[in-house]
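> Structure incoming, see below.
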Amino acid sequence: MALATGPVGGLYPTMTATAAIPVDTHDGTHDFDFLHGAWRIRNRKLRAPLAGSSDWYEFEGRAVERPLWDGQGNLEEYEATLPDGVHLRGLALRLYNPVAKQWTINWSSSTTGTLDPPMTGVFSDGVGSFYSHEDYKGRPIVVRFLWTSSGRDAARWEQAFSADDGASWETNWVMDFTRTGACEVVELRHYVLHPGQRDTLIALFDREFVETQDATGMPVIAQFRDIDRPNVFTWLRGFSGMPMRAASLAAFYDGPVWQTHKHSANATMISSDDVRLLRPVRPDSGFVLDEARPAPGSTDVPAGLIVATIYTLSPEVAAGFPALFDQRIAPRMAASGAVPFAIFETDASANTFPRLPVREGERAFVWFARFADLASYDRHVAAMANDASWSDEIQPMLEQQLSAPVEIWRLTPTSRSRSFAT
């Protein structure tokens, strides 16, 4: 990841030329498919490269990898906080050239705001090797990236420098990627049911539609009863990206389980097309599915209350609203006991499965908070009512950003749902 200025020890060189690149003849369009999704990253970094140092330090990071052009490209958003407290944000754009049969990796960071020249290379025998000639502290060097994967849920990236034109190499940065289970695309689904049919649908859903959706690559994130609307069923499912969404939905809805039970499910519903297509606002703001789901046949309802808050934004303010939320709104909510644990915004991508409509033409910002019980939520509401900073300043400012009233959904998990308990 070549940045013009390194946050610790000047690690990142300025690119000046392109190194000699290996030649490969296979179609590498999908070589980076293993990387799509959300990851936790353990970083190990050499403090002083090419100085005979053995002083390494470690820090944690996160990344979300989104496919482009059916795999011919991908976009990485990377975030980490370094040991000295510096917050690093990076972006990698990887593109495959089908004529040259080579990948290029283009990097930028929040410290520069510019796109560096590319690293170039290919995958061979499961290893991606990428090179460039660069200048590091006045010395001409060759930089090498190595990419490897260990199955679906683990990957490694290594950066090495050579001061002798590739005769020897010193590795100075290693990233070990572990898939988090977070979803980069989420459907928030809100069904209105015939009176008295909610428990019927939940029993069918929890018995037949949980593991069978997971098996197609679209995990069921959570299922809820709305405590204020007895005829509403709310649930969420996730996808690693929009191409996977189309394939997974087709596999499930054309598959035997849905075909067997669809008439029973549809008979409970008045409407099922109130669906928001969302994406995490930041790589670390999605649902992390590390919590085990209650086993089939479970009847105990998980404790706790999940509150979803939906802001429908005026289009002209949508791009800047996440920063406003982080700086002004979230701190007041957290001070009163409503700590956001997942934050999303509308994914404006084209609906890749038109058989299931989604809401279009709106810009929503959705955040989730958890409470131990209804009494805890009531204490939060009372605290906000007595918060003069909120009522006199922040709330009026928020209302100016909105094109519709705020929606607040108070939800309790079903017996097969994750509860997102701390």
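Ordering of the structure tokens sets the chain letters (A, B, ...), residue numbers begin anew at 1 in every chain, and ligands are numbered from 1 in the order given.
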Contacts of region 65-69 of chain A at 7 Å or less, counting only C-alpha atoms, minus same-chain residues fewer than 4 places along, as a PDB file with N, CA and C atoms, in the first residue's frame?


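New file result.pdb:
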ATOM      1  N   LEU A  35     -11.402 -12.232  -2.103  1.00  0.00           N
ATOM      2  CA  LEU A  35     -11.260 -11.109  -1.184  1.00  0.00           C
ATOM      3  C   LEU A  35     -12.568 -10.359  -0.955  1.00  0.00           C
ATOM      4  N   HIS A  36     -13.604 -10.649  -1.737  1.00  0.00           N
ATOM      5  CA  HIS A  36     -14.857  -9.910  -1.588  1.00  0.00           C
ATOM      6  C   HIS A  36     -15.444 -10.134  -0.203  1.00  0.00           C
ATOM      7  N   GLY A  37     -15.939  -9.059   0.412  1.00  0.00           N
ATOM      8  CA  GLY A  37     -16.578  -9.188   1.719  1.00  0.00           C
ATOM      9  C   GLY A  37     -15.942  -8.277   2.748  1.00  0.00           C
ATOM     10  N   ALA A  38     -16.194  -8.578   4.028  1.00  0.00           N
ATOM     11  CA  ALA A  38     -15.733  -7.753   5.147  1.00  0.00           C
ATOM     12  C   ALA A  38     -14.716  -8.532   5.970  1.00  0.00           C
ATOM     13  N   GLY A  73     -12.894  -5.987 -11.493  1.00  0.00           N
ATOM     14  CA  GLY A  73     -12.289  -4.990 -10.627  1.00  0.00           C
ATOM     15  C   GLY A  73     -12.838  -5.149  -9.227  1.00  0.00           C
ATOM     16  N   ASN A  74     -12.206  -4.481  -8.272  1.00  0.00           N
ATOM     17  CA  ASN A  74     -12.741  -4.444  -6.922  1.00  0.00           C
ATOM     18  C   ASN A  74     -12.239  -3.198  -6.217  1.00  0.00           C
ATOM     19  N   LEU A  75     -12.999  -2.805  -5.190  1.00  0.00           N
ATOM     20  CA  LEU A  75     -12.695  -1.586  -4.446  1.00  0.00           C
ATOM     21  C   LEU A  75     -12.584  -1.940  -2.972  1.00  0.00           C
ATOM     22  N   GLU A  76     -11.485  -1.565  -2.370  1.00  0.00           N
ATOM     23  CA  GLU A  76     -11.256  -1.803  -0.942  1.00  0.00           C
ATOM     24  C   GLU A  76     -11.340  -0.490  -0.175  1.00  0.00           C
ATOM     25  N   GLU A  77     -12.081  -0.512   0.940  1.00  0.00           N
ATOM     26  CA  GLU A  77     -12.052   0.578   1.913  1.00  0.00           C
ATOM     27  C   GLU A  77     -11.428   0.032   3.185  1.00  0.00           C
ATOM     28  N   GLY A 241     -22.201  -8.871  -1.622  1.00  0.00           N
ATOM     29  CA  GLY A 241     -22.195  -7.860  -2.666  1.00  0.00           C
ATOM     30  C   GLY A 241     -23.405  -8.026  -3.558  1.00  0.00           C
TER      31      GLY A 241
END

> Near Asn43 (chain A), counting only C-alpha atoms, which residues have an atom at most 6 Å away, once you skip same-chain residues fewer than 2 positions from it, shown as an mmCIF file with C-alpha atoms, in the first residue's frame?


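Result file selection-v8.cif:
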data_model
loop_
_atom_site.group_PDB
_atom_site.id
_atom_site.type_symbol
_atom_site.label_atom_id
_atom_site.label_comp_id
_atom_site.auth_asym_id
_atom_site.auth_seq_id
_atom_site.Cartn_x
_atom_site.Cartn_y
_atom_site.Cartn_z
ATOM 1 C CA GLU A 58 1.046 -4.483 15.670
ATOM 2 C CA PHE A 59 -2.368 -2.894 15.256
ATOM 3 C CA GLU A 60 -5.850 -3.896 14.169
ATOM 4 C CA VAL A 174 2.091 -8.194 6.887
ATOM 5 C CA MET A 175 -1.708 -8.127 6.999
#

> Under the rule that only C-alpha atoms are counted, which of A:Gln395, A:Gly361, A:Asp153, A:Pro195 is the nearest residue to Ser349 (chain A)?

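Once distances to Ser349 (chain A) are computed over only C-alpha atoms, the minimum belongs to A:Gly361.
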
> So which one's closest to Val185 (chain A), A:Ile408, A:Leu201, A:Val281, A:Ala369? Using only C-alpha atoms, please.

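Checking each candidate against Val185 (chain A), we get A:Val281 as the closest.
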
> Excluding same-chain residues fewer than 4 positions from Ser110 (chain A), what lies within 8 Å of it counting only C-alpha atoms, as a PyMOL selection string?

chain A and resi 88-90

> Selected residues, N, CA and C atoms, written as a JSON list (two decimals), in the first residue's frame, please.


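Output file again.json is given in full below:
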[["chain", "number", "residue", "atom", "x", "y", "z"],
["A", 88, "LEU", "N", -6.01, 5.95, 10.19],
["A", 88, "LEU", "CA", -5.66, 5.80, 8.78],
["A", 88, "LEU", "C", -6.85, 5.29, 8.01],
["A", 89, "ARG", "N", -7.18, 5.96, 6.93],
["A", 89, "ARG", "CA", -8.19, 5.47, 5.99],
["A", 89, "ARG", "C", -7.54, 5.32, 4.62],
["A", 90, "GLY", "N", -7.77, 4.17, 4.02],
["A", 90, "GLY", "CA", -7.18, 3.92, 2.73],
["A", 90, "GLY", "C", -8.20, 3.39, 1.75]]

> Would you list, as a PyMOL selection string, the residues of region 13-143 of chain A that end up in strand (DSSP E) under DSSP run on this structure's backbone?

chain A and resi 14-15+37-46+56-68+73-81+87-97+102-109+119-124+127-136+139-143

> Quick one: residues within 10 Å of Pro98 (chain A), only C-alpha atoms counted, chain neighbours fewer than 5 positions away excluded, as a list in words?

His26, Asp27, Gly28, Thr29, Gln72 and Trp103 of chain A

> May I have all residues of region 195-324 of chain A that DSSP, computed from the backbone, assigns to helix (DSSP H, G or I), given as a ChimeraX atom specification?

/A:198-208,211-214,242-253,256-266,315-317,321-324

> Excluding region 285-299 of chain A and any residue of its chain fewer than 2 positions from it, enumerate the residues within 8 Å of it, using only C-alpha atoms, and give them as number ranges by chain.

A: 180-184, 206-207, 221, 279-283, 301, 341-344, 415-418, 420

> Write out as a Markdown table the residues of region 277-384 of chain A that have any atom within 9 Å of an atom of region 245-268 of chain A, one row each with the nearest atom pair and its distance in Å to one decimal, counting only C-alpha atoms, sorted by chain and then rising number.


| residue | atom | partner | partner_atom | distance |
| --- | --- | --- | --- | --- |
| A:Asn351 | CA | A:Ala246 | CA | 8.6 |
| A:Thr352 | CA | A:Ala246 | CA | 5.4 |
| A:Phe353 | CA | A:Ala246 | CA | 5.4 |

> Taking 4 positions as the minimum chain separation for residues in the same chain, which residues sit within 8 Å of Asn172 (chain A) when counting only C-alpha atoms? Answer as a list in words.

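After dropping sequence-adjacent residues, the list is Lys45, Leu46, Arg47, Pro49, Glu158, Gln159, Ala160 and Phe161 of chain A.
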
> Take the residues just selected and output them with C-alpha atoms as a short mmCIF file (atom, residue, chain, number, x, y, z; two decimals), in the first residue's frame.


data_model
loop_
_atom_site.label_atom_id
_atom_site.label_comp_id
_atom_site.auth_asym_id
_atom_site.auth_seq_id
_atom_site.Cartn_x
_atom_site.Cartn_y
_atom_site.Cartn_z
CA LYS A 45 4.70 -3.63 10.56
CA LEU A 46 8.48 -3.10 10.66
CA ARG A 47 9.21 0.26 12.25
CA PRO A 49 12.57 -0.72 6.81
CA GLU A 158 2.75 -8.88 2.44
CA GLN A 159 4.84 -5.90 1.41
CA ALA A 160 8.59 -6.22 0.89
CA PHE A 161 11.37 -3.86 -0.26
#

> Using only C-alpha atoms, pick whichever of A:Ala63, A:Val220, A:Ile227, A:Ile141 has the shortest atom-to-atom distance to Thr412 (chain A).

A:Ile227

> Show me, as an mmCIF file with N, CA and C atoms, in the first residue's frame, the residues that have an atom within 7 Å of Leu115 (chain A) when counting only C-alpha atoms, minus same-chain residues fewer than 4 positions from it.


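To be explicit, this is the file written out as result.cif:
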data_model
loop_
_atom_site.group_PDB
_atom_site.id
_atom_site.type_symbol
_atom_site.label_atom_id
_atom_site.label_comp_id
_atom_site.auth_asym_id
_atom_site.auth_seq_id
_atom_site.Cartn_x
_atom_site.Cartn_y
_atom_site.Cartn_z
ATOM 1 N N ASN A 106 -4.162 0.234 -7.401
ATOM 2 C CA ASN A 106 -4.018 1.679 -7.257
ATOM 3 C C ASN A 106 -4.438 2.055 -5.837
ATOM 4 N N TRP A 107 -3.609 2.770 -5.138
ATOM 5 C CA TRP A 107 -3.833 3.035 -3.719
ATOM 6 C C TRP A 107 -3.917 4.542 -3.446
ATOM 7 N N SER A 108 -4.774 4.892 -2.511
ATOM 8 C CA SER A 108 -4.826 6.262 -2.001
ATOM 9 C C SER A 108 -5.105 6.204 -0.516
#
